[in-house]
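Trainee: This is the structure, below, for whatever I ask next.
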Amino acid sequence: MIVEFSVYDTNSFTVEHLLDSKENAELVEHFEVGKNAKGLENYLKYVSSDDEENNFSRTYLVKDKTTKELASYFSIRTGLITMQVQDDKFDSIPAIELSNFAVNQNYRKNHPDVNKLGTYTFEYFVLPISRCLAKYIGIHALYIYALPNDRLIEHYSKMGFSRLPAEQEQFVQFHVKPKYDDGCIFMYQIL
């Protein structure tokens, strides 16, 4: 059973589960990202449906209410992060991984007046859904493996994500980072 999140719709956008309608498959076909993030586009187009069927992840589409265009998408899944709590002591903290997160460049081209769509998606959809889930299961943090781009890291910092101290970051990179996130930067925020 999929939890309905329509209560989180805004005046301009709606959030919809990837498999909620047949028209979503066509919208996904026309989704494009920038040159340096083709992995996010490929995930949506070629992997997300399988991850849905295998219960590895849930992907949500943010759609323009008026035009019905796909504006952005994000995938979330449960996880845990290992953090240093004292000198040599580590603890596992229940969390949600924002495993995929991208804005549709085609939507940006068609709507140059819409600014900060990624931040909007995060504030009005990702965070509320994460906080809703935290009411039902133990979730203490939200984390992401960000592409190693200084501008993107700064953007995520403005959205409330933090980096770990270098030694702890190396520990996370070595012990718990998935292979497909190789080279990415671990960032987190407490819910």
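As shown in the structure tokens, the chain order sets the letters A, B, ...; within each chain, residues go from 1, and ligands are also counted from 1 in the order they appear.
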With a distance cut-off of 10 Å and only C-alpha atoms, select the neighbouring residues of segment 121-130 of chain A, excluding the residue or stretch itself and same-chain residues fewer than 2 positions from it, and output the selection as a VMD selection string.

Mentor: chain A and resid 3 to 10 13 to 15 60 to 62 71 to 77 95 to 98 101 to 103 116 to 119 132 to 135 139 to 142 159 191

Trainee: Of the residues A:Thr78, A:Asn110, A:Ser162, A:Gln105, which is the one nearest to Ile93 of chain A, using only C-alpha atoms?

Mentor: A:Thr78

Trainee: Going by DSSP on the backbone, which bits of segment 105-156 of chain A are strand (DSSP E)? Write them as a PyMOL selection string, please.

Mentor: chain A and resi 141-146

Trainee: With distances taken over only C-alpha atoms, which residue among A:Leu18, A:Glu41, A:Ile185, A:Gln86 lies nearest Asp150 of chain A?

Mentor: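 Going through A:Leu18, A:Glu41, A:Ile185, A:Gln86 one by one, the smallest distance to Asp150 of chain A is for A:Ile185.
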
Trainee: Could you state the separation of atom CA of Asn149 of chain A and atom CA of Lys63 of chain A in Å, given to one decimal place?

Mentor: 26.7 Å

Trainee: Rank nothing, just name the residue among A:Val114, A:Cys184, A:Ile144, A:Ala166 nearest to Leu80 of chain A, using only C-alpha atoms.

Mentor: A:Ile144

Trainee: Would you work out the distance separating atom CA of Val47 of chain A from atom CA of Pro94 of chain A, expressed in Å to one decimal?

Mentor: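 Separation of atom CA of Val47 of chain A and atom CA of Pro94 of chain A: 24.9 Å.
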
Trainee: Would you kindly return, as an MDAnalysis selection string, each protein, DNA or RNA residue with an atom no farther than 9 Å from any atom of Ile153 of chain A, considering only C-alpha atoms and excluding same-chain residues fewer than 6 positions away?

Mentor: chainID A and resid 146:147 161 185 187

Trainee: Output as a short mmCIF file (atom, residue, chain, number, x, y, z; two decimals) with all heavy atoms, in the first residue's frame all residues of segment 6-160 of chain A that backbone DSSP marks as alpha helix (DSSP H).

Mentor:
data_model
loop_
_atom_site.label_atom_id
_atom_site.label_comp_id
_atom_site.auth_asym_id
_atom_site.auth_seq_id
_atom_site.Cartn_x
_atom_site.Cartn_y
_atom_site.Cartn_z
N GLU A 23 0.20 7.95 -17.66
CA GLU A 23 0.79 9.12 -18.34
C GLU A 23 2.17 9.44 -17.79
O GLU A 23 2.98 10.08 -18.47
CB GLU A 23 -0.12 10.34 -18.20
CG GLU A 23 -0.13 10.95 -16.82
CD GLU A 23 -1.05 12.14 -16.67
OE1 GLU A 23 -1.97 12.31 -17.49
OE2 GLU A 23 -0.83 12.91 -15.73
N ASN A 24 2.49 9.00 -16.58
CA ASN A 24 3.79 9.29 -16.00
C ASN A 24 4.94 8.68 -16.80
O ASN A 24 6.02 9.27 -16.88
CB ASN A 24 3.85 8.83 -14.54
CG ASN A 24 3.03 9.72 -13.64
OD1 ASN A 24 2.63 10.83 -14.02
ND2 ASN A 24 2.74 9.26 -12.44
N ALA A 25 4.72 7.53 -17.40
CA ALA A 25 5.77 6.90 -18.20
C ALA A 25 6.19 7.80 -19.36
O ALA A 25 7.38 7.93 -19.66
CB ALA A 25 5.29 5.54 -18.72
N GLU A 26 5.24 8.45 -20.00
CA GLU A 26 5.56 9.36 -21.10
C GLU A 26 6.27 10.60 -20.59
O GLU A 26 7.23 11.09 -21.20
CB GLU A 26 4.31 9.75 -21.87
CG GLU A 26 4.62 10.59 -23.09
CD GLU A 26 3.39 10.91 -23.92
OE1 GLU A 26 2.43 10.13 -23.91
OE2 GLU A 26 3.42 11.97 -24.57
N LEU A 27 5.84 11.12 -19.45
CA LEU A 27 6.50 12.29 -18.87
C LEU A 27 7.95 11.98 -18.53
O LEU A 27 8.84 12.80 -18.77
CB LEU A 27 5.76 12.74 -17.60
CG LEU A 27 4.37 13.34 -17.81
CD1 LEU A 27 3.70 13.58 -16.47
CD2 LEU A 27 4.45 14.63 -18.61
N VAL A 28 8.19 10.80 -18.01
CA VAL A 28 9.55 10.38 -17.65
C VAL A 28 10.44 10.30 -18.89
O VAL A 28 11.61 10.68 -18.84
CB VAL A 28 9.50 9.04 -16.88
CG1 VAL A 28 10.86 8.39 -16.81
CG2 VAL A 28 8.93 9.26 -15.47
N GLU A 29 9.90 9.84 -20.01
CA GLU A 29 10.68 9.74 -21.25
C GLU A 29 11.26 11.08 -21.68
O GLU A 29 12.32 11.14 -22.30
CB GLU A 29 9.80 9.20 -22.38
CG GLU A 29 9.54 7.73 -22.33
CD GLU A 29 8.68 7.27 -23.50
OE1 GLU A 29 8.81 7.84 -24.61
OE2 GLU A 29 7.88 6.34 -23.29
N LYS A 38 23.72 13.03 -15.72
CA LYS A 38 22.99 12.07 -16.56
C LYS A 38 22.58 10.82 -15.78
O LYS A 38 21.60 10.16 -16.12
CB LYS A 38 23.82 11.67 -17.78
CG LYS A 38 23.81 12.73 -18.85
CD LYS A 38 22.43 12.89 -19.46
CE LYS A 38 22.46 13.84 -20.63
NZ LYS A 38 21.15 14.18 -21.12
N GLY A 39 23.33 10.50 -14.72
CA GLY A 39 22.97 9.35 -13.90
C GLY A 39 21.59 9.51 -13.28
O GLY A 39 20.84 8.53 -13.15
N LEU A 40 21.23 10.73 -12.91
CA LEU A 40 19.91 11.00 -12.34
C LEU A 40 18.81 10.81 -13.38
O LEU A 40 17.73 10.30 -13.09
CB LEU A 40 19.86 12.41 -11.75
CG LEU A 40 20.74 12.63 -10.53
CD1 LEU A 40 20.86 14.12 -10.21
CD2 LEU A 40 20.22 11.86 -9.34
N GLU A 41 19.09 11.21 -14.59
CA GLU A 41 18.13 11.01 -15.69
C GLU A 41 17.99 9.52 -16.01
O GLU A 41 16.88 9.01 -16.15
CB GLU A 41 18.60 11.78 -16.91
CG GLU A 41 17.68 11.69 -18.10
CD GLU A 41 18.20 12.49 -19.29
OE1 GLU A 41 18.73 13.61 -19.09
OE2 GLU A 41 18.05 11.98 -20.42
N ASN A 42 19.11 8.83 -16.10
CA ASN A 42 19.09 7.40 -16.40
C ASN A 42 18.38 6.62 -15.31
O ASN A 42 17.66 5.66 -15.60
CB ASN A 42 20.51 6.87 -16.62
CG ASN A 42 21.11 7.39 -17.91
OD1 ASN A 42 20.40 7.78 -18.83
ND2 ASN A 42 22.43 7.44 -17.95
N SER A 48 14.17 3.28 -11.95
CA SER A 48 13.21 3.61 -10.90
C SER A 48 12.03 2.63 -10.82
O SER A 48 11.61 2.26 -9.72
CB SER A 48 12.70 5.05 -11.05
OG SER A 48 12.05 5.23 -12.29
N SER A 49 11.51 2.20 -11.94
CA SER A 49 10.38 1.26 -11.93
C SER A 49 10.77 -0.07 -11.29
O SER A 49 10.01 -0.65 -10.51
CB SER A 49 9.84 1.02 -13.33
OG SER A 49 9.23 2.19 -13.81
N ASP A 50 11.97 -0.56 -11.61
CA ASP A 50 12.44 -1.81 -10.99
C ASP A 50 12.63 -1.63 -9.49
O ASP A 50 12.28 -2.51 -8.71
CB ASP A 50 13.77 -2.26 -11.62
CG ASP A 50 13.59 -2.81 -13.03
OD1 ASP A 50 12.45 -3.17 -13.40
OD2 ASP A 50 14.60 -2.87 -13.76
N ASP A 51 13.18 -0.48 -9.09
CA ASP A 51 13.36 -0.22 -7.66
C ASP A 51 12.01 -0.17 -6.94
O ASP A 51 11.90 -0.58 -5.79
CB ASP A 51 14.13 1.08 -7.43
CG ASP A 51 15.63 0.87 -7.51
OD1 ASP A 51 16.08 -0.27 -7.77
OD2 ASP A 51 16.37 1.86 -7.31
N GLU A 52 11.00 0.34 -7.62
CA GLU A 52 9.64 0.35 -7.06
C GLU A 52 9.16 -1.09 -6.83
O GLU A 52 8.68 -1.42 -5.76
CB GLU A 52 8.67 1.06 -8.01
CG GLU A 52 8.87 2.54 -8.11
CD GLU A 52 8.29 3.30 -6.95
OE1 GLU A 52 7.40 2.77 -6.25
OE2 GLU A 52 8.73 4.43 -6.73
N GLU A 53 9.28 -1.90 -7.86
CA GLU A 53 8.79 -3.27 -7.78
C GLU A 53 9.53 -4.08 -6.73
O GLU A 53 8.96 -4.97 -6.09
CB GLU A 53 8.90 -3.95 -9.14
CG GLU A 53 7.91 -3.38 -10.15
CD GLU A 53 8.07 -3.97 -11.54
OE1 GLU A 53 8.67 -5.06 -11.68
OE2 GLU A 53 7.59 -3.33 -12.49
N GLN A 105 15.15 19.89 -16.94
CA GLN A 105 15.65 21.03 -17.72
C GLN A 105 14.64 21.47 -18.78
O GLN A 105 14.57 22.65 -19.12
CB GLN A 105 17.00 20.69 -18.35
CG GLN A 105 18.10 20.47 -17.34
CD GLN A 105 18.28 21.65 -16.39
OE1 GLN A 105 18.36 22.80 -16.81
NE2 GLN A 105 18.31 21.38 -15.09
N ASN A 106 13.87 20.55 -19.30
CA ASN A 106 12.83 20.93 -20.28
C ASN A 106 11.78 21.83 -19.63
O ASN A 106 11.29 22.77 -20.26
CB ASN A 106 12.17 19.68 -20.88
CG ASN A 106 13.10 18.96 -21.82
OD1 ASN A 106 13.90 19.58 -22.52
ND2 ASN A 106 13.02 17.64 -21.83
N TYR A 107 11.44 21.53 -18.39
CA TYR A 107 10.47 22.37 -17.69
C TYR A 107 11.07 23.77 -17.46
O TYR A 107 10.39 24.78 -17.65
CB TYR A 107 10.07 21.74 -16.34
CG TYR A 107 9.00 22.54 -15.64
CD1 TYR A 107 7.66 22.38 -15.98
CD2 TYR A 107 9.32 23.47 -14.65
CE1 TYR A 107 6.67 23.13 -15.36
CE2 TYR A 107 8.34 24.22 -14.03
CZ TYR A 107 7.02 24.05 -14.38
OH TYR A 107 6.03 24.79 -13.77
N ARG A 108 12.33 23.81 -17.08
CA ARG A 108 13.00 25.11 -16.88
C ARG A 108 13.00 25.94 -18.17
O ARG A 108 12.78 27.15 -18.13
CB ARG A 108 14.44 24.92 -16.41
CG ARG A 108 14.53 24.61 -14.96
CD ARG A 108 15.95 24.70 -14.49
NE ARG A 108 15.97 24.38 -13.07
CZ ARG A 108 17.05 24.25 -12.36
NH1 ARG A 108 18.23 24.41 -12.92
NH2 ARG A 108 16.97 23.97 -11.09
N LYS A 109 13.25 25.30 -19.30
CA LYS A 109 13.26 26.02 -20.58
C LYS A 109 11.87 26.58 -20.89
O LYS A 109 11.75 27.69 -21.40
CB LYS A 109 13.69 25.08 -21.72
CG LYS A 109 15.15 24.73 -21.71
CD LYS A 109 15.45 23.71 -22.81
CE LYS A 109 16.75 23.01 -22.55
NZ LYS A 109 16.94 21.84 -23.41
N ASN A 110 10.85 25.79 -20.61
CA ASN A 110 9.47 26.22 -20.89
C ASN A 110 8.94 27.25 -19.90
O ASN A 110 7.97 27.95 -20.20
CB ASN A 110 8.53 25.02 -20.90
CG ASN A 110 8.81 24.06 -22.03
OD1 ASN A 110 9.40 24.44 -23.04
ND2 ASN A 110 8.40 22.82 -21.87
N LEU A 117 13.40 25.90 -8.28
CA LEU A 117 12.50 24.75 -8.30
C LEU A 117 13.03 23.61 -7.44
O LEU A 117 12.26 22.91 -6.78
CB LEU A 117 12.26 24.29 -9.73
CG LEU A 117 11.22 23.21 -9.93
CD1 LEU A 117 9.88 23.58 -9.30
CD2 LEU A 117 11.04 22.92 -11.41
N GLY A 118 14.34 23.40 -7.41
CA GLY A 118 14.91 22.35 -6.57
C GLY A 118 14.66 22.63 -5.09
O GLY A 118 14.24 21.74 -4.35
N THR A 119 14.90 23.85 -4.67
CA THR A 119 14.65 24.23 -3.28
C THR A 119 13.17 24.12 -2.96
O THR A 119 12.78 23.62 -1.90
CB THR A 119 15.15 25.67 -3.02
OG1 THR A 119 16.56 25.72 -3.28
CG2 THR A 119 14.87 26.11 -1.59
N TYR A 120 12.33 24.55 -3.88
CA TYR A 120 10.88 24.46 -3.71
C TYR A 120 10.45 23.00 -3.53
O TYR A 120 9.69 22.66 -2.63
CB TYR A 120 10.19 25.08 -4.92
CG TYR A 120 8.69 25.18 -4.82
CD1 TYR A 120 8.09 26.33 -4.32
CD2 TYR A 120 7.87 24.12 -5.21
CE1 TYR A 120 6.70 26.42 -4.23
CE2 TYR A 120 6.50 24.21 -5.13
CZ TYR A 120 5.92 25.37 -4.63
OH TYR A 120 4.55 25.47 -4.54
N THR A 121 10.95 22.13 -4.40
CA THR A 121 10.63 20.70 -4.32
C THR A 121 11.05 20.14 -2.97
O THR A 121 10.30 19.40 -2.33
CB THR A 121 11.32 19.92 -5.46
OG1 THR A 121 10.83 20.40 -6.72
CG2 THR A 121 11.10 18.43 -5.34
N LEU A 127 10.84 17.39 2.41
CA LEU A 127 10.82 17.53 3.86
C LEU A 127 9.48 17.15 4.48
O LEU A 127 9.46 16.40 5.46
CB LEU A 127 11.20 18.96 4.27
CG LEU A 127 12.68 19.26 4.40
CD1 LEU A 127 12.92 20.72 4.77
CD2 LEU A 127 13.36 18.34 5.39
N PRO A 128 8.35 17.63 3.97
CA PRO A 128 7.07 17.23 4.58
C PRO A 128 6.82 15.72 4.54
O PRO A 128 6.33 15.15 5.51
CB PRO A 128 6.02 18.00 3.77
CG PRO A 128 6.75 19.19 3.26
CD PRO A 128 8.14 18.70 2.97
N ILE A 129 7.15 15.08 3.44
CA ILE A 129 6.97 13.62 3.37
C ILE A 129 7.89 12.93 4.36
O ILE A 129 7.48 12.01 5.08
CB ILE A 129 7.18 13.11 1.93
CG1 ILE A 129 6.02 13.58 1.03
CG2 ILE A 129 7.31 11.58 1.90
CD1 ILE A 129 6.22 13.29 -0.45
N SER A 130 9.13 13.38 4.45
CA SER A 130 10.08 12.79 5.41
C SER A 130 9.60 12.97 6.83
O SER A 130 9.66 12.03 7.64
CB SER A 130 11.47 13.43 5.24
OG SER A 130 11.97 13.19 3.94
N ARG A 131 9.09 14.14 7.14
CA ARG A 131 8.58 14.39 8.50
C ARG A 131 7.32 13.58 8.79
O ARG A 131 7.11 13.12 9.92
CB ARG A 131 8.35 15.88 8.70
CG ARG A 131 9.66 16.65 8.79
CD ARG A 131 9.45 18.13 8.94
NE ARG A 131 10.74 18.80 9.08
CZ ARG A 131 11.02 19.97 8.56
NH1 ARG A 131 10.10 20.65 7.88
NH2 ARG A 131 12.21 20.51 8.73
N CYS A 132 6.50 13.40 7.77
CA CYS A 132 5.30 12.56 7.92
C CYS A 132 5.72 11.13 8.24
O CYS A 132 5.18 10.50 9.16
CB CYS A 132 4.45 12.62 6.66
SG CYS A 132 3.04 11.50 6.68
N LEU A 133 6.66 10.60 7.49
CA LEU A 133 7.13 9.24 7.73
C LEU A 133 7.75 9.10 9.12
O LEU A 133 7.60 8.06 9.77
CB LEU A 133 8.14 8.83 6.65
CG LEU A 133 7.56 8.68 5.25
CD1 LEU A 133 8.67 8.49 4.23
CD2 LEU A 133 6.57 7.53 5.20
N ALA A 134 8.42 10.14 9.59
CA ALA A 134 9.04 10.11 10.91
C ALA A 134 8.00 9.98 12.03
O ALA A 134 8.33 9.55 13.13
CB ALA A 134 9.90 11.36 11.13
N LYS A 135 6.76 10.32 11.74
CA LYS A 135 5.70 10.14 12.73
C LYS A 135 5.35 8.66 12.90
O LYS A 135 4.81 8.26 13.91
CB LYS A 135 4.43 10.91 12.31
CG LYS A 135 4.58 12.40 12.38
CD LYS A 135 3.29 13.06 11.91
CE LYS A 135 3.46 14.57 11.87
NZ LYS A 135 2.24 15.22 11.39
N TYR A 136 5.61 7.85 11.87
CA TYR A 136 5.21 6.45 11.88
C TYR A 136 6.36 5.49 12.19
O TYR A 136 6.12 4.39 12.68
CB TYR A 136 4.59 6.07 10.53
CG TYR A 136 3.32 6.85 10.27
CD1 TYR A 136 3.33 7.98 9.46
CD2 TYR A 136 2.12 6.47 10.86
CE1 TYR A 136 2.18 8.71 9.24
CE2 TYR A 136 0.96 7.20 10.64
CZ TYR A 136 1.00 8.31 9.83
OH TYR A 136 -0.15 9.04 9.62
N ASP A 150 31.17 22.05 -6.18
CA ASP A 150 31.17 23.06 -5.12
C ASP A 150 29.88 23.87 -5.08
O ASP A 150 29.34 24.14 -4.00
CB ASP A 150 32.36 24.01 -5.27
CG ASP A 150 33.69 23.33 -4.96
OD1 ASP A 150 33.67 22.28 -4.27
OD2 ASP A 150 34.73 23.82 -5.41
N ARG A 151 29.37 24.22 -6.24
CA ARG A 151 28.13 25.00 -6.29
C ARG A 151 26.94 24.20 -5.74
O ARG A 151 26.10 24.72 -5.02
CB ARG A 151 27.87 25.42 -7.74
CG ARG A 151 26.94 26.58 -7.87
CD ARG A 151 26.96 27.11 -9.28
NE ARG A 151 25.57 27.43 -9.60
CZ ARG A 151 25.01 27.28 -10.76
NH1 ARG A 151 25.70 26.82 -11.76
NH2 ARG A 151 23.76 27.59 -10.94
N LEU A 152 26.90 22.93 -6.08
CA LEU A 152 25.84 22.05 -5.59
C LEU A 152 25.97 21.82 -4.09
O LEU A 152 24.96 21.86 -3.36
CB LEU A 152 25.87 20.72 -6.34
CG LEU A 152 24.73 19.76 -6.08
CD1 LEU A 152 23.38 20.39 -6.44
CD2 LEU A 152 24.93 18.48 -6.88
N ILE A 153 27.17 21.61 -3.61
CA ILE A 153 27.41 21.42 -2.16
C ILE A 153 26.95 22.67 -1.41
O ILE A 153 26.28 22.58 -0.37
CB ILE A 153 28.90 21.14 -1.87
CG1 ILE A 153 29.36 19.86 -2.57
CG2 ILE A 153 29.17 21.10 -0.38
CD1 ILE A 153 28.70 18.59 -2.13
N GLU A 154 27.26 23.84 -1.93
CA GLU A 154 26.82 25.10 -1.31
C GLU A 154 25.30 25.21 -1.33
O GLU A 154 24.68 25.62 -0.36
CB GLU A 154 27.44 26.29 -2.05
CG GLU A 154 27.08 27.62 -1.43
CD GLU A 154 27.70 28.80 -2.19
OE1 GLU A 154 28.77 28.63 -2.79
OE2 GLU A 154 27.08 29.88 -2.16
N HIS A 155 24.69 24.80 -2.43
CA HIS A 155 23.22 24.82 -2.55
C HIS A 155 22.58 23.92 -1.49
O HIS A 155 21.64 24.32 -0.81
CB HIS A 155 22.81 24.38 -3.95
CG HIS A 155 21.34 24.33 -4.19
ND1 HIS A 155 20.55 25.46 -4.18
CD2 HIS A 155 20.52 23.28 -4.40
CE1 HIS A 155 19.29 25.11 -4.40
NE2 HIS A 155 19.24 23.80 -4.53
N TYR A 156 23.10 22.71 -1.34
CA TYR A 156 22.57 21.80 -0.32
C TYR A 156 22.80 22.35 1.09
O TYR A 156 21.97 22.16 1.98
CB TYR A 156 23.16 20.40 -0.46
CG TYR A 156 22.59 19.63 -1.63
CD1 TYR A 156 23.41 18.89 -2.48
CD2 TYR A 156 21.22 19.63 -1.91
CE1 TYR A 156 22.89 18.17 -3.54
CE2 TYR A 156 20.70 18.92 -2.97
CZ TYR A 156 21.53 18.20 -3.78
OH TYR A 156 21.01 17.50 -4.84
N SER A 157 23.90 23.02 1.29
CA SER A 157 24.16 23.65 2.59
C SER A 157 23.09 24.69 2.91
O SER A 157 22.59 24.77 4.03
CB SER A 157 25.54 24.30 2.62
OG SER A 157 26.55 23.33 2.55
N LYS A 158 22.71 25.48 1.91
CA LYS A 158 21.66 26.48 2.10
C LYS A 158 20.31 25.82 2.39
O LYS A 158 19.44 26.43 3.00
CB LYS A 158 21.56 27.39 0.88
CG LYS A 158 22.72 28.34 0.74
CD LYS A 158 22.59 29.17 -0.52
CE LYS A 158 23.79 30.08 -0.68
NZ LYS A 158 23.77 30.80 -1.95
#

Trainee: Which residues are close to Asn11 of chain A, i.e. within 10 Å by only C-alpha atoms, leaving aside same-chain residues fewer than 5 positions away? Reply as a list of chain:residue names.

Mentor: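 Answer for this query is A:Asp64, A:Lys65, A:Thr66.
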
Trainee: Go ahead and write the selection's residues with N, CA, C and O atoms as a PDB file, in the first residue's frame.

Mentor:
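Result saved to result-v9.pdb:
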ATOM      1  N   ASP A  64       3.473  20.203 -12.622  1.00  0.00           N
ATOM      2  CA  ASP A  64       2.795  21.491 -12.706  1.00  0.00           C
ATOM      3  C   ASP A  64       1.293  21.219 -12.768  1.00  0.00           C
ATOM      4  O   ASP A  64       0.826  20.459 -13.616  1.00  0.00           O
ATOM      5  N   LYS A  65       0.526  21.845 -11.876  1.00  0.00           N
ATOM      6  CA  LYS A  65      -0.920  21.592 -11.824  1.00  0.00           C
ATOM      7  C   LYS A  65      -1.642  22.080 -13.075  1.00  0.00           C
ATOM      8  O   LYS A  65      -2.622  21.481 -13.494  1.00  0.00           O
ATOM      9  N   THR A  66      -1.160  23.151 -13.651  1.00  0.00           N
ATOM     10  CA  THR A  66      -1.839  23.732 -14.814  1.00  0.00           C
ATOM     11  C   THR A  66      -1.465  23.023 -16.101  1.00  0.00           C
ATOM     12  O   THR A  66      -2.333  22.597 -16.869  1.00  0.00           O
TER      13      THR A  66
END

Trainee: To one decimal in Å, tell me the separation between atom CA of Phe90 of chain A and atom CA of Arg58 of chain A.

Mentor: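 Between atom CA of Phe90 of chain A and atom CA of Arg58 of chain A the gap is 28.7 Å.
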
Trainee: I'd like to know which of A:Ser99, A:Ser92, A:Glu32, A:Thr82 is closest to Ser57 of chain A, using only C-alpha atoms.

Mentor: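 Using only C-alpha atoms, Ser57 of chain A sits closest to A:Ser99.
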